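A quick write-up on the structure given underneath.
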Number of protein chains: 4
Amino acid sequence: MPRPSRWNEIVDAAAVLFRDKGFAATSLEDIATEVGVWKGSLYHYIDSKEDLLFAVVREPAEQILEQIREIKSLDLPPAEKVRRIARDHARTLDETFVYASVYLQEIAGRNRSDEWSAMDREYVLTITEIMQAGIDSGDFSSHLDARTAGLSMVGAFNWMTHWYRPDGPRTAIEIADQICSILLEGMITRSTSPN
Amino acid sequence: MPRPSRWNEIVDAAAVLFRDKGFAATSLEDIATEVGVWKGSLYHYIDSKEDLLFAVVREPAEQILEQIREIKSLDLPPAEKVRRIARDHARTLDETFVYASVYLQEIAGRNRSDEWSAMDREYVLTITEIMQAGIDSGDFSSHLDARTAGLSMVGAFNWMTHWYRPDGPRTAIEIADQICSILLEGMITRSTSPN
Amino acid sequence: MPRPSRWNEIVDAAAVLFRDKGFAATSLEDIATEVGVWKGSLYHYIDSKEDLLFAVVREPAEQILEQIREIKSLDLPPAEKVRRIARDHARTLDETFVYASVYLQEIAGRNRSDEWSAMDREYVLTITEIMQAGIDSGDFSSHLDARTAGLSMVGAFNWMTHWYRPDGPRTAIEIADQICSILLEGMITRSTSPN
Amino acid sequence: MPRPSRWNEIVDAAAVLFRDKGFAATSLEDIATEVGVWKGSLYHYIDSKEDLLFAVVREPAEQILEQIREIKSLDLPPAEKVRRIARDHARTLDETFVYASVYLQEIAGRNRSDEWSAMDREYVLTITEIMQAGIDSGDFSSHLDARTAGLSMVGAFNWMTHWYRPDGPRTAIEIADQICSILLEGMITRSTSPN
DNA sequence: AATGAATGAGCCTTCATTCAT
DNA sequence: GATGAATGAAGGCTCATTCAT
């Protein structure tokens, strides 16, 4: 069991500051002050400022990727897969809210490194495959473009970092179900008339 | 007829650099080098670096807000309003792609100034009201939460800056219609169709 | 008769700004703005910023030096010479208040150029000679050190730039007479008793 | 025992440069070069360039104010108070010569901050009160204007920064006594002396 | 592990000066 | 005479990083 050093404090402080001010606008001094150590002391824990960024975002990024890999491998109807992706995505966002926010602001869409770009690509590819499977099976509308559908879903969820609050009135799961129901069944009232 | 100054060149260069490296990580020297002037010369056009950021993002921000105000005031069925919002949003994204990308990365969700926060808030409020009107009129499902629906739509479209390319195979309008159809009618095949 | 160009406006504006903010902290842009021309236009009137400083301070500096030269050459009792120096000094301060203030802040005691240092030296030398003449003639106390006396007088008058206001309640001449009476007769009540 | 930091070296170097070139015309690089560090390193000791100015001038300013407060509270004849003020003033000028010179050039009469303006005002007020007390008691001539007398005395002493040299032939105390004797008894030979 | 002084590069901004129009 | 864009050098300040203690 590793000695509880100040590593976690440091990463937490960095995460909050990176989210609030942005990575580039946050100084190591800001972080050191927040933690209560001297700037130079941070270098006992890291080799560079970017190390801290990666430490902050690694967990949610890997978790979300792990989850969608897992879901893809399951034998479930496409709509159910979408529902699970949604819930997992929302739950991870909720549990790692600050970290995930930093990821979306500082990593996604930037070219920080090949490693992160590869993760981005795999995630999009996987969700696209799941969508395509649903179209092929006839579960999803044949007019659907799988990639657009996947990316729209990702966008709807990732945008949560702009408005969701973990201590707000609605839980992440409730929101996930709302969004899922919109994506799967649409907003327009289903005309139940003909039958 | 005034001599064409380099203002447009400067804003364009700034936009590209802000998008690619982020505002804080872009130096005025980067921009000046790109334009081919000395960095001090930029101060003939701006009073501060932030001025340049605002100059970059002002157009798409105001345009999108203007458009949703207009749509809100029209007498149209809710679903049609949503379709128009989608098309306008996508068209603005397409036409001001780099600028809009900078807006979403550097302004939206940050607290840059009261002015921008107010614009953000008005946009969300307006789309929420339109959604709510659709629910109240029975056009949209009564299970819908207006704000979540509005924000999901915004998220789906704004995420386009992460994957859409203006010179790509699909036009912004086609994508807007795709996303709209997902949001309005859902991805799942309408099994209750009369035929 | 020279065309009334904006030269005087420029020197006046410069004088006020130099006094209020100091020479180094005043930019040519400040001056240009004050006058209502563009920065570059100032170079039709000057060759360098320092030119402006010298233009501002030349008048009071030369005037005060001229006056003491004149007084020195007159055939008057020492105390009368002191009184005239005082009145002239105070009158010049009053008439060229802003200019003289700039001189004392930016030229006196700095090493701006040999020319100004030479003027400084000549003034002090002359007042010292006048004082010495008074001591030698027995008019002034034999305990007096001529240079200290001269420099104290100069100091008392030059300090007026720190508190005198041309539109204040007391005129410069009244103040000159006050100071003169202190220096010549002292503050302590002259004991008229013994006779 | 704390390692002797370079704070004193920095303040000393700054003082000399501020006096010789003026505050605004002295760059932090000048100071850093003088001390033998990089200009950025100065910010371990200060928060801004102005901090350095205040550090330079604080000591003489507070000392002179402290001394006149003390003198005012003593039960002494007015002439004796004036003599003590003179000696204290001259001694402080001598002991903190460079610092005091900077004070007089850069703080006195400028509007650097409320704090310094308040100190200025208190000093002038106090010396004026002492002069007035002398007039009221009959020790000083009834023709005296207390404020003018006080300010003239201040001017005569402050001007010393323009000519006094701590390593010169005459001590500051000797000069103080010279000036005092001029101010109190006047330069003119007392013709009404009993003998 | 921690400190805190120092580094050295770089950043935003200012500004005296020039010059084509 | 005037303009205003541009220059090129600094200036104040910040900061990631290093290192002796």
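The way I read the labels, and the way they are meant: chains A, B, ... in the order of the structure tokens, residue 1 as the first residue of every chain, and ligand 1 as the first ligand shown, with later ones counted on from there.
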
Subject >> Surrounding residues of Phe140 (chain C) excluding itself and chain neighbours under 3 positions, 6 Å, only C-alpha atoms (C1' of nucleotides), as a list in words >> reply: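 Near Phe140 (chain C), the qualifying residues are Gly134 and Ile135 of chain C; Met187, Ile188 and Thr189 of chain D.
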
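Excluding region 1-7 of chain F itself and same-chain residues fewer than 4 positions from it, the residues having an atom within 10 Å of it are Ser5, Arg6, Val37, Trp38, Lys39, Gly40, Ser41, Leu42, His44 and Tyr45 of chain B; Val37, Trp38, Lys39, Gly40, Ser41, Leu42 and His44 of chain C; DT17, DT18, DC19, DA20 and DT21 of chain E, counting only C-alpha atoms (C1' of nucleotides).
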
Subject >> Among listed residues B:Ala100, B:Gly155, B:Thr148, B:Val82, nearest Arg58 (chain B) (using only C-alpha atoms) >> reply: B:Ala100

Subject >> All alpha helix (DSSP H) positions in region 72-111 of chain C, as JSON, numbers by chain >> reply: {"C": [72, 73, 78, 79, 80, 81, 82, 83, 84, 85, 86, 87, 88, 89, 90, 91, 92, 93, 94, 95, 97, 98, 99, 100, 101, 102]}

Since we have the selection now, will you write its residues out, keeping N, CA and C atoms, as a PDB file, in the first residue's frame?
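Output file out35.pdb is given in full below:
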ATOM      1  N   LYS C  72      24.352  91.074 -10.706  1.00  0.00           N
ATOM      2  CA  LYS C  72      25.735  91.049 -10.244  1.00  0.00           C
ATOM      3  C   LYS C  72      26.496  92.303 -10.710  1.00  0.00           C
ATOM      4  N   SER C  73      26.173  92.717 -11.925  1.00  0.00           N
ATOM      5  CA  SER C  73      26.934  93.814 -12.515  1.00  0.00           C
ATOM      6  C   SER C  73      26.502  95.186 -11.987  1.00  0.00           C
ATOM      7  N   PRO C  78      24.817  94.643  -1.051  1.00  0.00           N
ATOM      8  CA  PRO C  78      24.574  93.200  -1.118  1.00  0.00           C
ATOM      9  C   PRO C  78      23.149  92.808  -0.758  1.00  0.00           C
ATOM     10  N   ALA C  79      22.632  93.377   0.298  1.00  0.00           N
ATOM     11  CA  ALA C  79      21.281  92.989   0.715  1.00  0.00           C
ATOM     12  C   ALA C  79      20.273  93.342  -0.372  1.00  0.00           C
ATOM     13  N   GLU C  80      20.494  94.425  -1.041  1.00  0.00           N
ATOM     14  CA  GLU C  80      19.590  94.821  -2.105  1.00  0.00           C
ATOM     15  C   GLU C  80      19.710  93.846  -3.274  1.00  0.00           C
ATOM     16  N   LYS C  81      20.957  93.449  -3.556  1.00  0.00           N
ATOM     17  CA  LYS C  81      21.124  92.450  -4.621  1.00  0.00           C
ATOM     18  C   LYS C  81      20.363  91.168  -4.292  1.00  0.00           C
ATOM     19  N   VAL C  82      20.477  90.758  -3.048  1.00  0.00           N
ATOM     20  CA  VAL C  82      19.761  89.536  -2.636  1.00  0.00           C
ATOM     21  C   VAL C  82      18.262  89.720  -2.835  1.00  0.00           C
ATOM     22  N   ARG C  83      17.783  90.876  -2.456  1.00  0.00           N
ATOM     23  CA  ARG C  83      16.338  91.116  -2.620  1.00  0.00           C
ATOM     24  C   ARG C  83      15.932  91.053  -4.085  1.00  0.00           C
ATOM     25  N   ARG C  84      16.770  91.611  -4.949  1.00  0.00           N
ATOM     26  CA  ARG C  84      16.426  91.587  -6.377  1.00  0.00           C
ATOM     27  C   ARG C  84      16.497  90.180  -6.957  1.00  0.00           C
ATOM     28  N   ILE C  85      17.530  89.458  -6.542  1.00  0.00           N
ATOM     29  CA  ILE C  85      17.615  88.053  -7.006  1.00  0.00           C
ATOM     30  C   ILE C  85      16.346  87.316  -6.613  1.00  0.00           C
ATOM     31  N   ALA C  86      15.942  87.521  -5.377  1.00  0.00           N
ATOM     32  CA  ALA C  86      14.761  86.821  -4.874  1.00  0.00           C
ATOM     33  C   ALA C  86      13.526  87.168  -5.696  1.00  0.00           C
ATOM     34  N   ARG C  87      13.348  88.450  -5.937  1.00  0.00           N
ATOM     35  CA  ARG C  87      12.149  88.875  -6.675  1.00  0.00           C
ATOM     36  C   ARG C  87      12.185  88.357  -8.110  1.00  0.00           C
ATOM     37  N   ASP C  88      13.350  88.439  -8.719  1.00  0.00           N
ATOM     38  CA  ASP C  88      13.444  87.938 -10.091  1.00  0.00           C
ATOM     39  C   ASP C  88      13.193  86.425 -10.156  1.00  0.00           C
ATOM     40  N   HIS C  89      13.828  85.748  -9.232  1.00  0.00           N
ATOM     41  CA  HIS C  89      13.678  84.299  -9.197  1.00  0.00           C
ATOM     42  C   HIS C  89      12.193  83.933  -9.030  1.00  0.00           C
ATOM     43  N   ALA C  90      11.574  84.575  -8.081  1.00  0.00           N
ATOM     44  CA  ALA C  90      10.168  84.266  -7.808  1.00  0.00           C
ATOM     45  C   ALA C  90       9.286  84.662  -8.988  1.00  0.00           C
ATOM     46  N   ARG C  91       9.594  85.803  -9.597  1.00  0.00           N
ATOM     47  CA  ARG C  91       8.776  86.244 -10.722  1.00  0.00           C
ATOM     48  C   ARG C  91       8.903  85.266 -11.889  1.00  0.00           C
ATOM     49  N   THR C  92      10.123  84.837 -12.155  1.00  0.00           N
ATOM     50  CA  THR C  92      10.310  83.869 -13.244  1.00  0.00           C
ATOM     51  C   THR C  92       9.582  82.554 -12.954  1.00  0.00           C
ATOM     52  N   LEU C  93       9.707  82.116 -11.714  1.00  0.00           N
ATOM     53  CA  LEU C  93       8.994  80.900 -11.316  1.00  0.00           C
ATOM     54  C   LEU C  93       7.498  81.056 -11.576  1.00  0.00           C
ATOM     55  N   ASP C  94       6.991  82.229 -11.209  1.00  0.00           N
ATOM     56  CA  ASP C  94       5.565  82.469 -11.355  1.00  0.00           C
ATOM     57  C   ASP C  94       5.163  82.495 -12.828  1.00  0.00           C
ATOM     58  N   GLU C  95       5.942  83.226 -13.603  1.00  0.00           N
ATOM     59  CA  GLU C  95       5.562  83.426 -15.006  1.00  0.00           C
ATOM     60  C   GLU C  95       5.742  82.172 -15.866  1.00  0.00           C
ATOM     61  N   PHE C  97       5.759  78.927 -14.631  1.00  0.00           N
ATOM     62  CA  PHE C  97       5.684  77.953 -13.548  1.00  0.00           C
ATOM     63  C   PHE C  97       5.878  76.507 -13.995  1.00  0.00           C
ATOM     64  N   VAL C  98       5.123  76.130 -15.001  1.00  0.00           N
ATOM     65  CA  VAL C  98       5.217  74.734 -15.441  1.00  0.00           C
ATOM     66  C   VAL C  98       6.598  74.450 -16.020  1.00  0.00           C
ATOM     67  N   TYR C  99       7.090  75.361 -16.831  1.00  0.00           N
ATOM     68  CA  TYR C  99       8.398  75.177 -17.455  1.00  0.00           C
ATOM     69  C   TYR C  99       9.502  75.064 -16.414  1.00  0.00           C
ATOM     70  N   ALA C 100       9.440  75.967 -15.449  1.00  0.00           N
ATOM     71  CA  ALA C 100      10.468  75.945 -14.414  1.00  0.00           C
ATOM     72  C   ALA C 100      10.401  74.672 -13.585  1.00  0.00           C
ATOM     73  N   SER C 101       9.189  74.206 -13.340  1.00  0.00           N
ATOM     74  CA  SER C 101       9.046  72.965 -12.579  1.00  0.00           C
ATOM     75  C   SER C 101       9.705  71.812 -13.319  1.00  0.00           C
ATOM     76  N   VAL C 102       9.504  71.790 -14.630  1.00  0.00           N
ATOM     77  CA  VAL C 102      10.132  70.739 -15.409  1.00  0.00           C
ATOM     78  C   VAL C 102      11.646  70.862 -15.328  1.00  0.00           C
TER      79      VAL C 102
END

**OP:** Just give me the gap between C1' of DA5 (chain E) and CA of Tyr43 (chain A) in Å, one decimal is fine.
**Re:** 15.7 Å

Original post:
What are the residues of chain D that have an atom within 7 Å of an atom of chain C, counting only C-alpha atoms, as a PyMOL selection string?
Top reply: chain D and resi 20+24-25+105+109+139-141+152-153+155-156+159+162+179+182-189+192+194

Original post:
Neighbours of Glu34 (chain A) within 9 Å (only C-alpha atoms (C1' of nucleotides); same-chain residues fewer than 3 positions away dropped), as a ChimeraX atom specification?
Top reply: /A:10,13-14,29-31,37

**OP:** Give as a list in words every residue of chain E that touches chain D within 8 Å, counting only C-alpha atoms (C1' of nucleotides).
**Re:**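 Here they are: DA5, DA6, DT7 and DG8 of chain E.
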
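Put simply, CA of Leu17 (chain A) is 28.2 Å away from CA of Pro60 (chain B).
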
Subject >> Gap from CA of Ile127 (chain B) to CA of Ala146 (chain B) - Å, one decimal >> reply: 8.4 Å

Non-local contacts of DT21 (chain F) (12 Å; only C-alpha atoms (C1' of nucleotides); under 6 positions in same chain excluded) as a short mmCIF file (atom, residue, chain, number, x, y, z; two decimals) with N, CA and C atoms (P, O5', C5', C4', C3', O3' and C1' of nucleotides), in the first residue's frame:
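Result written to selection_20.cif:
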data_model
loop_
_atom_site.label_atom_id
_atom_site.label_comp_id
_atom_site.auth_asym_id
_atom_site.auth_seq_id
_atom_site.Cartn_x
_atom_site.Cartn_y
_atom_site.Cartn_z
N ARG D 3 20.67 32.87 5.51
CA ARG D 3 21.71 33.18 4.55
C ARG D 3 21.55 34.63 4.08
P DA E 2 7.19 16.59 0.16
"O5'" DA E 2 8.25 17.73 0.48
"C5'" DA E 2 8.59 17.97 1.84
"C4'" DA E 2 9.47 19.19 1.90
"C3'" DA E 2 8.97 20.39 1.10
"O3'" DA E 2 8.89 21.48 2.00
"C1'" DA E 2 11.26 19.98 0.67
P DT E 3 8.30 22.89 1.54
"O5'" DT E 3 9.63 23.72 1.32
"C5'" DT E 3 10.58 23.76 2.39
"C4'" DT E 3 11.80 24.50 1.93
"C3'" DT E 3 11.50 25.82 1.20
"O3'" DT E 3 12.16 26.82 1.92
"C1'" DT E 3 13.14 24.55 0.04
P DG E 4 11.42 28.20 2.20
"O5'" DG E 4 12.23 29.10 1.18
"C5'" DG E 4 13.65 29.13 1.26
"C4'" DG E 4 14.22 29.60 -0.07
"C3'" DG E 4 13.33 30.61 -0.82
"O3'" DG E 4 14.16 31.49 -1.55
"C1'" DG E 4 13.76 28.82 -2.20
P DA E 5 14.38 32.93 -1.12
"O5'" DA E 5 15.77 33.25 -1.84
"C5'" DA E 5 16.91 32.47 -1.51
"C4'" DA E 5 17.69 32.13 -2.77
"C3'" DA E 5 17.76 33.27 -3.79
"O3'" DA E 5 19.11 33.41 -4.20
"C1'" DA E 5 17.00 31.27 -4.84
#
